[in-house]
Every structure is written in structure tokens, then in C-alpha cells.
$ cat protein_8.cif   # mmCIF, C-alpha atoms
data_final
#
loop_
_atom_site.label_atom_id
_atom_site.label_comp_id
_atom_site.auth_asym_id
_atom_site.auth_seq_id
_atom_site.Cartn_x
_atom_site.Cartn_y
_atom_site.Cartn_z
CA MET A 300 -22.22 -1.11 23.93
CA VAL A 301 -23.22 -3.62 26.62
CA PHE A 302 -21.57 -7.00 26.11
CA LEU A 303 -18.34 -5.79 24.51
CA GLY A 304 -17.87 -2.81 26.77
CA GLU A 305 -15.48 -2.22 29.63
CA GLU A 306 -18.22 -2.73 32.22
CA TRP A 307 -19.06 -6.22 30.95
CA GLN A 308 -15.38 -7.17 30.89
CA ARG A 309 -15.10 -6.07 34.52
CA LEU A 310 -18.13 -8.27 35.29
CA ASP A 311 -16.54 -11.28 33.59
CA LEU A 312 -13.32 -10.60 35.50
CA GLY A 313 -15.24 -10.76 38.76
CA GLU A 314 -14.45 -7.15 39.65
CA ILE A 315 -18.07 -5.94 39.77
CA GLY A 316 -21.54 -7.45 39.88
CA LEU A 317 -24.34 -7.45 37.33
CA GLN A 318 -26.22 -4.66 39.10
CA ASP A 319 -23.03 -2.56 39.04
CA VAL A 320 -22.78 -3.03 35.27
CA GLN A 321 -26.34 -1.85 34.81
CA THR A 322 -25.77 1.19 37.03
CA LEU A 323 -22.56 2.15 35.21
CA LEU A 324 -24.21 1.77 31.80
CA LEU A 325 -27.18 3.87 32.87
CA GLU A 326 -24.77 6.58 34.01
CA ARG A 327 -22.74 6.42 30.81
CA TYR A 328 -25.69 6.21 28.40
CA PRO A 329 -28.60 8.06 30.07
CA SER A 330 -30.42 8.51 26.77
CA ASP A 331 -30.48 4.70 26.31
CA ARG A 332 -32.14 3.88 29.65
CA LYS A 333 -35.07 2.05 28.10
CA ALA A 334 -32.83 -0.19 25.99
CA ILE A 335 -30.49 -0.89 28.91
CA TYR A 336 -33.38 -1.88 31.17
CA PHE A 337 -34.77 -4.10 28.42
CA ILE A 338 -31.43 -5.84 27.92
CA PHE A 339 -30.96 -6.49 31.62
CA ASP A 340 -34.54 -7.69 32.02
CA HIS A 341 -34.27 -10.17 29.15
CA PHE A 342 -30.69 -11.22 28.35
CA GLN A 343 -30.59 -14.18 30.75
CA ASP A 344 -33.77 -15.71 29.40
CA GLU A 345 -33.29 -14.91 25.73
CA MET A 346 -29.57 -14.62 25.05
CA MET A 347 -27.99 -17.01 27.52
CA GLN A 348 -29.81 -20.14 26.44
CA PRO A 349 -27.75 -23.27 25.82
CA ILE A 350 -27.48 -24.21 22.16
CA ASN A 351 -29.32 -27.47 21.50
CA ASP A 352 -26.58 -28.81 19.21
CA SER A 353 -23.99 -28.23 21.94
CA ILE A 354 -26.17 -29.88 24.59
CA GLN A 355 -26.59 -32.98 22.43
CA ALA A 356 -22.82 -33.14 21.88
CA VAL A 357 -22.08 -32.73 25.61
CA LYS A 358 -24.52 -35.52 26.47
CA ALA A 359 -23.06 -37.83 23.80
CA LEU A 360 -19.48 -37.13 24.95
CA LYS A 361 -20.36 -37.71 28.60
CA LYS A 362 -22.16 -40.96 27.75
CA LYS A 363 -18.95 -42.18 26.08
CA GLY A 364 -16.98 -41.37 29.24
CA TYR A 365 -15.12 -38.25 28.15
CA LYS A 366 -14.09 -35.74 30.81
CA LEU A 367 -15.76 -32.40 30.12
CA TYR A 368 -14.72 -29.01 31.41
CA LEU A 369 -15.89 -25.43 31.01
CA LEU A 370 -13.48 -22.61 30.28
CA SER A 371 -15.65 -19.54 30.20
CA ASN A 372 -15.65 -15.77 30.37
CA LEU A 373 -18.26 -15.78 33.09
CA ASN A 374 -18.33 -14.53 36.64
CA GLN A 375 -19.12 -16.78 39.62
CA ASP A 376 -22.60 -15.38 40.31
CA ARG A 377 -23.83 -15.81 36.74
CA TYR A 378 -22.37 -19.33 36.63
CA ILE A 379 -24.17 -20.32 39.84
CA GLN A 380 -27.40 -18.83 38.51
CA ARG A 381 -27.04 -20.72 35.22
CA TYR A 382 -26.16 -23.94 37.08
CA GLN A 383 -29.31 -23.62 39.20
CA GLN A 384 -31.42 -22.98 36.10
CA GLU A 385 -29.95 -25.86 34.06
CA PRO A 386 -28.51 -28.42 36.51
CA GLU A 387 -29.10 -31.30 34.09
CA ILE A 388 -26.62 -29.65 31.69
CA PHE A 389 -24.04 -28.12 34.00
CA SER A 390 -23.77 -31.24 36.16
CA LEU A 391 -22.36 -33.08 33.13
CA PHE A 392 -19.12 -31.09 33.43
CA ASP A 393 -16.27 -32.36 35.57
CA GLY A 394 -15.10 -28.85 36.41
CA ALA A 395 -15.04 -25.22 35.36
CA THR A 396 -12.52 -22.43 35.16
CA LEU A 397 -14.30 -19.10 35.08
CA SER A 398 -12.81 -15.76 34.19
CA GLY A 399 -14.46 -14.21 37.23
CA GLY A 400 -12.66 -16.55 39.61
CA ALA A 401 -9.34 -16.45 37.77
CA HIS A 402 -9.53 -12.68 37.09
CA GLU A 403 -8.39 -13.26 33.50
CA LEU A 404 -10.34 -13.27 30.24
CA LYS A 405 -10.15 -15.48 27.19
CA PRO A 406 -8.33 -15.18 24.84
CA ASP A 407 -5.51 -14.38 27.30
CA ALA A 408 -3.27 -17.46 27.39
CA SER A 409 -2.82 -17.12 31.15
CA LEU A 410 -6.46 -18.17 31.71
CA TYR A 411 -5.91 -21.31 29.62
CA LEU A 412 -2.71 -22.08 31.56
CA LYS A 413 -4.59 -21.75 34.87
CA PHE A 414 -7.24 -24.07 33.46
CA PHE A 415 -4.66 -26.70 32.47
CA GLN A 416 -3.00 -26.46 35.87
CA GLN A 417 -6.27 -26.54 37.83
CA PHE A 418 -7.34 -29.81 36.25
CA HIS A 419 -3.89 -31.30 35.56
CA LEU A 420 -4.56 -31.37 31.82
CA ASP A 421 -2.17 -31.66 28.91
CA PRO A 422 -3.28 -29.22 26.19
CA SER A 423 -2.47 -31.75 23.46
CA ASP A 424 -5.10 -34.10 24.93
CA GLY A 425 -7.82 -31.44 24.86
CA LEU A 426 -10.32 -30.11 22.39
CA LEU A 427 -11.75 -26.61 22.75
CA ILE A 428 -15.12 -25.80 21.20
CA ASP A 429 -15.67 -22.05 21.15
CA ASP A 430 -17.52 -19.45 19.10
CA SER A 431 -14.67 -16.91 19.16
CA LEU A 432 -11.86 -17.13 16.63
CA ALA A 433 -9.50 -15.33 19.04
CA ASN A 434 -10.17 -17.97 21.71
CA ILE A 435 -9.62 -20.75 19.16
CA GLU A 436 -6.32 -19.24 18.03
CA THR A 437 -5.01 -19.07 21.61
CA ALA A 438 -5.99 -22.69 22.23
CA GLN A 439 -4.23 -23.77 19.03
CA ARG A 440 -1.05 -21.87 19.99
CA LEU A 441 -1.09 -23.75 23.29
CA GLY A 442 -1.42 -27.12 21.55
CA MET A 443 -5.14 -27.87 21.78
CA LYS A 444 -7.31 -29.21 19.01
CA THR A 445 -10.22 -26.88 18.31
CA ILE A 446 -13.62 -26.48 16.72
CA LEU A 447 -14.95 -23.04 15.90
CA SER A 448 -18.61 -23.32 16.84
CA GLN A 449 -20.89 -21.93 14.18
CA PRO A 450 -24.65 -21.69 13.79
CA GLN A 451 -26.31 -24.53 11.91
CA GLN A 452 -23.34 -26.86 12.23
CA ASN A 453 -23.79 -30.43 13.33
CA LEU A 454 -21.33 -30.54 16.20
CA ILE A 455 -21.55 -34.30 16.68
CA GLU A 456 -20.66 -34.86 13.03
CA ARG A 457 -17.76 -32.38 13.31
CA LEU A 458 -16.46 -34.28 16.34
CA LYS A 459 -16.72 -37.59 14.49
CA THR A 460 -14.75 -36.22 11.53
CA MET A 461 -12.01 -35.31 14.00
CA GLY A 462 -11.85 -38.90 15.17
CA VAL A 463 -13.85 -38.52 18.37
CA ASP A 464 -15.59 -41.80 19.23
CA LEU A 465 -19.30 -41.05 19.58
#

$ encode --input "protein_8.cif" --output "C-alpha cells"
Amino acid sequence: MVFLGEEWQRLDLGEIGLQDVQTLLLERYPSDRKAIYFIFDHFQDEMMQPINDSIQAVKALKKKGYKLYLLSNLNQDRYIQRYQQEPEIFSLFDGATLSGGAHELKPDASLYLKFFQQFHLDPSDGLLIDDSLANIETAQRLGMKTILSQPQQNLIERLKTMGVDL
């Protein structure tokens, strides 16, 4: 109801803010007020935490000199908030294309094309790591190598098996 709904998509597109999403959800689901307040009071701290395996992989890739970029369904305000909370992680990236700034959502190919253009990247030189099969499929259609991120996987080992020097 919350994260897959129309309101959250509008947030990720940069059309509305987080408080607007909460207000709209409270109007739409008045009988779920308690749950909605709980979600909005806790999702940043509990659900938006970086995955340790991914952090280790990002650090290892950066140490080897790889260029790292974010392509995310995230609005500008939430990105800035996350950057301020975790600067030691987000500063490792060389750039970011966010759905909220581009007004497009993954898996729409147009967001990927904006990303490639923004950073002058050739898709065949890139590797997308994502937890959404739809996002992976779009990246593959555009010529990128991909890894479908899954719980309990050793991302560094997966990268090594793909020939990434770590």
C-alpha cells in the first residue's frame, strides 16, 4: 500500500514530498492511520539501511579505482538526507542519477539513457547491481552486464566470477 502505491511513485518522480505522501495516504486509508504513522516514523531508520555486503563491494571496487555511480528511484530530498546520514558511503560514488531529478522511474529505459548521457557512459562498459528483476532486464536490453542482488549472496565473490578485478 505504501511503497508500491501511486503516492510513493510520485515521490520518487520528484512530483511531491514525503510529507505529501503521508498526508495522501492518511486521506486514502483513514482506518490505517496508526500503521501509516508507524511506517513514516521508522522506515528511514529501519528499512533504508545500506546492505553490508553492498557496502563492502563498493569499498573494494573504489579501492581498485573503478568509477561508481548510483541510478536510483529516489527523490532529491531523500538522497540528500541519506548522503548526510552516511557520507562515508555516498561519497564513494562519482555521481548519481535520481528518478526525482530526471522525473522518470526505473525500469523505464529513458532513465537509463539519461544516466548514460549524463556521465558519458557506454552501457557495454557498465555493470548494474539491482534487486529488481525488471530493472535488470532493462539494463540487459540496453547492453549492460548485470547482477540481481539477492539476500545472503556474497557480492564480492559474484563480481569476481564475472571477471571483475578485486

$ residues_around --input "protein_8.cif" --residues "stretch 372-375 of chain A" --least-positions-apart "2" --cutoff "8 Å" --atoms "all atoms listed in the file" --output "list in words"
Leu310, Asp311, Leu312, Gly313, Leu370, Arg377, Tyr378, Ile379, Leu397, Ser398, Gly399, Gly400, Leu404 and Lys405 of chain A

$ residues_near_point --input "protein_8.cif" --point "(-10.1, -28.6, 17.8)" --cutoff "6 Å" --atoms "all atoms listed in the file" --output "ChimeraX atom specification"
/A:426-427,444-446

$ resolve_selection --input "protein_8.cif" --expression "the PyMOL selection byres ((chain A and resi 431-439) around 12)" --output "MDAnalysis selection string"
chainID A and resid 370:372 404:412 414:415 421:430 440:449

$ closest_residue --input "protein_8.cif" --among "A:Glu387, A:Glu306, A:Glu403, A:Asp464" --to "A:Gly364" --atoms "all atoms listed in the file"
A:Asp464

$ axis_aligned_box --input "protein_8.cif" --around "stretch 403-422 of chain A" --padding-each-side "3 Å" --output "AutoDock Vina command-line options"
--center_x -6.3 --center_y -22.5 --center_z 31.3 --size_x 14.2 --size_y 24.4 --size_z 19.0

$ atom_distance --input "protein_8.cif" --atom1 "atom CA of A:His402" --atom2 "atom CA of A:Phe342"
22.9 Å

$ atom_distance --input "protein_8.cif" --atom1 "atom CA of A:Gly394" --atom2 "atom CA of A:His341"
27.7 Å

$ atom_distance --input "protein_8.cif" --atom1 "atom CA of A:Asp340" --atom2 "atom CA of A:Phe302"
14.3 Å

$ closest_residue --input "protein_8.cif" --among "A:Trp307, A:Phe392, A:Tyr368, A:Phe418" --to "A:Leu324" --atoms "all atoms listed in the file"
A:Trp307

$ residues_around --input "protein_8.cif" --residues "A:Lys363" --least-positions-apart "5" --cutoff "10 Å" --atoms "only C-alpha atoms" --output "list of chain:residue names"
A:Val357, A:Lys358, A:Val463, A:Asp464, A:Leu465

$ write_last_selection --input "protein_8.cif" --atoms "C-alpha atoms" --output "PDB file, in the coordinates of the input"
ATOM      1  CA  VAL A 357     -22.080 -32.730  25.610  1.00  0.00           C
ATOM      2  CA  LYS A 358     -24.520 -35.520  26.470  1.00  0.00           C
ATOM      3  CA  VAL A 463     -13.850 -38.520  18.370  1.00  0.00           C
ATOM      4  CA  ASP A 464     -15.590 -41.800  19.230  1.00  0.00           C
ATOM      5  CA  LEU A 465     -19.300 -41.050  19.580  1.00  0.00           C
TER       6      LEU A 465
END

$ closest_residue --input "protein_8.cif" --among "A:Thr322, A:Ser353, A:Thr396, A:Ser330" --to "A:Gln452" --atoms "all atoms listed in the file"
A:Ser353

$ build_atoms --input "protein_8.cif" --residues "stretch 369-389 of chain A" --atoms "N, CA, C and O atoms" --output "PDB file, in the frame of the given file"
ATOM      1  N   LEU A 369     -15.534 -26.744  31.532  1.00  0.00           N
ATOM      2  CA  LEU A 369     -15.890 -25.430  31.010  1.00  0.00           C
ATOM      3  C   LEU A 369     -14.714 -24.487  31.214  1.00  0.00           C
ATOM      4  O   LEU A 369     -14.100 -24.476  32.284  1.00  0.00           O
ATOM      5  N   LEU A 370     -14.424 -23.711  30.205  1.00  0.00           N
ATOM      6  CA  LEU A 370     -13.480 -22.610  30.280  1.00  0.00           C
ATOM      7  C   LEU A 370     -14.233 -21.422  29.739  1.00  0.00           C
ATOM      8  O   LEU A 370     -14.471 -21.332  28.523  1.00  0.00           O
ATOM      9  N   SER A 371     -14.673 -20.541  30.623  1.00  0.00           N
ATOM     10  CA  SER A 371     -15.650 -19.540  30.200  1.00  0.00           C
ATOM     11  C   SER A 371     -15.360 -18.158  30.746  1.00  0.00           C
ATOM     12  O   SER A 371     -14.920 -18.004  31.881  1.00  0.00           O
ATOM     13  N   ASN A 372     -15.647 -17.156  29.916  1.00  0.00           N
ATOM     14  CA  ASN A 372     -15.650 -15.770  30.370  1.00  0.00           C
ATOM     15  C   ASN A 372     -16.990 -15.526  31.057  1.00  0.00           C
ATOM     16  O   ASN A 372     -17.953 -15.088  30.449  1.00  0.00           O
ATOM     17  N   LEU A 373     -17.024 -15.850  32.318  1.00  0.00           N
ATOM     18  CA  LEU A 373     -18.260 -15.780  33.090  1.00  0.00           C
ATOM     19  C   LEU A 373     -17.882 -15.557  34.548  1.00  0.00           C
ATOM     20  O   LEU A 373     -16.922 -16.157  35.041  1.00  0.00           O
ATOM     21  N   ASN A 374     -18.633 -14.706  35.233  1.00  0.00           N
ATOM     22  CA  ASN A 374     -18.330 -14.530  36.640  1.00  0.00           C
ATOM     23  C   ASN A 374     -19.048 -15.592  37.482  1.00  0.00           C
ATOM     24  O   ASN A 374     -19.942 -16.286  37.002  1.00  0.00           O
ATOM     25  N   GLN A 375     -18.621 -15.725  38.730  1.00  0.00           N
ATOM     26  CA  GLN A 375     -19.120 -16.780  39.620  1.00  0.00           C
ATOM     27  C   GLN A 375     -20.647 -16.715  39.808  1.00  0.00           C
ATOM     28  O   GLN A 375     -21.317 -17.732  39.759  1.00  0.00           O
ATOM     29  N   ASP A 376     -21.158 -15.520  40.038  1.00  0.00           N
ATOM     30  CA  ASP A 376     -22.600 -15.380  40.310  1.00  0.00           C
ATOM     31  C   ASP A 376     -23.444 -15.820  39.121  1.00  0.00           C
ATOM     32  O   ASP A 376     -24.441 -16.518  39.290  1.00  0.00           O
ATOM     33  N   ARG A 377     -23.046 -15.411  37.925  1.00  0.00           N
ATOM     34  CA  ARG A 377     -23.830 -15.810  36.740  1.00  0.00           C
ATOM     35  C   ARG A 377     -23.707 -17.314  36.503  1.00  0.00           C
ATOM     36  O   ARG A 377     -24.658 -17.953  36.078  1.00  0.00           O
ATOM     37  N   TYR A 378     -22.547 -17.885  36.791  1.00  0.00           N
ATOM     38  CA  TYR A 378     -22.370 -19.330  36.630  1.00  0.00           C
ATOM     39  C   TYR A 378     -23.297 -20.085  37.596  1.00  0.00           C
ATOM     40  O   TYR A 378     -23.993 -21.020  37.189  1.00  0.00           O
ATOM     41  N   ILE A 379     -23.311 -19.659  38.837  1.00  0.00           N
ATOM     42  CA  ILE A 379     -24.170 -20.320  39.840  1.00  0.00           C
ATOM     43  C   ILE A 379     -25.633 -20.203  39.430  1.00  0.00           C
ATOM     44  O   ILE A 379     -26.389 -21.177  39.508  1.00  0.00           O
ATOM     45  N   GLN A 380     -26.014 -19.025  38.961  1.00  0.00           N
ATOM     46  CA  GLN A 380     -27.400 -18.830  38.510  1.00  0.00           C
ATOM     47  C   GLN A 380     -27.726 -19.756  37.339  1.00  0.00           C
ATOM     48  O   GLN A 380     -28.773 -20.399  37.321  1.00  0.00           O
ATOM     49  N   ARG A 381     -26.817 -19.842  36.363  1.00  0.00           N
ATOM     50  CA  ARG A 381     -27.040 -20.720  35.220  1.00  0.00           C
ATOM     51  C   ARG A 381     -27.081 -22.187  35.654  1.00  0.00           C
ATOM     52  O   ARG A 381     -27.890 -22.972  35.170  1.00  0.00           O
ATOM     53  N   TYR A 382     -26.195 -22.559  36.577  1.00  0.00           N
ATOM     54  CA  TYR A 382     -26.160 -23.940  37.080  1.00  0.00           C
ATOM     55  C   TYR A 382     -27.501 -24.286  37.734  1.00  0.00           C
ATOM     56  O   TYR A 382     -28.041 -25.372  37.520  1.00  0.00           O
ATOM     57  N   GLN A 383     -28.032 -23.371  38.527  1.00  0.00           N
ATOM     58  CA  GLN A 383     -29.310 -23.620  39.200  1.00  0.00           C
ATOM     59  C   GLN A 383     -30.458 -23.696  38.209  1.00  0.00           C
ATOM     60  O   GLN A 383     -31.410 -24.441  38.422  1.00  0.00           O
ATOM     61  N   GLN A 384     -30.369 -22.962  37.108  1.00  0.00           N
ATOM     62  CA  GLN A 384     -31.420 -22.980  36.100  1.00  0.00           C
ATOM     63  C   GLN A 384     -31.356 -24.216  35.201  1.00  0.00           C
ATOM     64  O   GLN A 384     -32.371 -24.678  34.706  1.00  0.00           O
ATOM     65  N   GLU A 385     -30.155 -24.732  34.988  1.00  0.00           N
ATOM     66  CA  GLU A 385     -29.950 -25.860  34.060  1.00  0.00           C
ATOM     67  C   GLU A 385     -29.054 -26.926  34.686  1.00  0.00           C
ATOM     68  O   GLU A 385     -28.034 -27.308  34.097  1.00  0.00           O
ATOM     69  N   PRO A 386     -29.409 -27.461  35.863  1.00  0.00           N
ATOM     70  CA  PRO A 386     -28.510 -28.420  36.510  1.00  0.00           C
ATOM     71  C   PRO A 386     -28.274 -29.690  35.694  1.00  0.00           C
ATOM     72  O   PRO A 386     -27.198 -30.288  35.772  1.00  0.00           O
ATOM     73  N   GLU A 387     -29.258 -30.079  34.894  1.00  0.00           N
ATOM     74  CA  GLU A 387     -29.100 -31.300  34.090  1.00  0.00           C
ATOM     75  C   GLU A 387     -28.024 -31.137  33.026  1.00  0.00           C
ATOM     76  O   GLU A 387     -27.471 -32.130  32.551  1.00  0.00           O
ATOM     77  N   ILE A 388     -27.694 -29.907  32.662  1.00  0.00           N
ATOM     78  CA  ILE A 388     -26.620 -29.650  31.690  1.00  0.00           C
ATOM     79  C   ILE A 388     -25.293 -29.435  32.418  1.00  0.00           C
ATOM     80  O   ILE A 388     -24.303 -30.102  32.142  1.00  0.00           O
ATOM     81  N   PHE A 389     -25.299 -28.512  33.351  1.00  0.00           N
ATOM     82  CA  PHE A 389     -24.040 -28.120  34.000  1.00  0.00           C
ATOM     83  C   PHE A 389     -23.458 -29.229  34.870  1.00  0.00           C
ATOM     84  O   PHE A 389     -22.252 -29.280  35.073  1.00  0.00           O
TER      85      PHE A 389
END
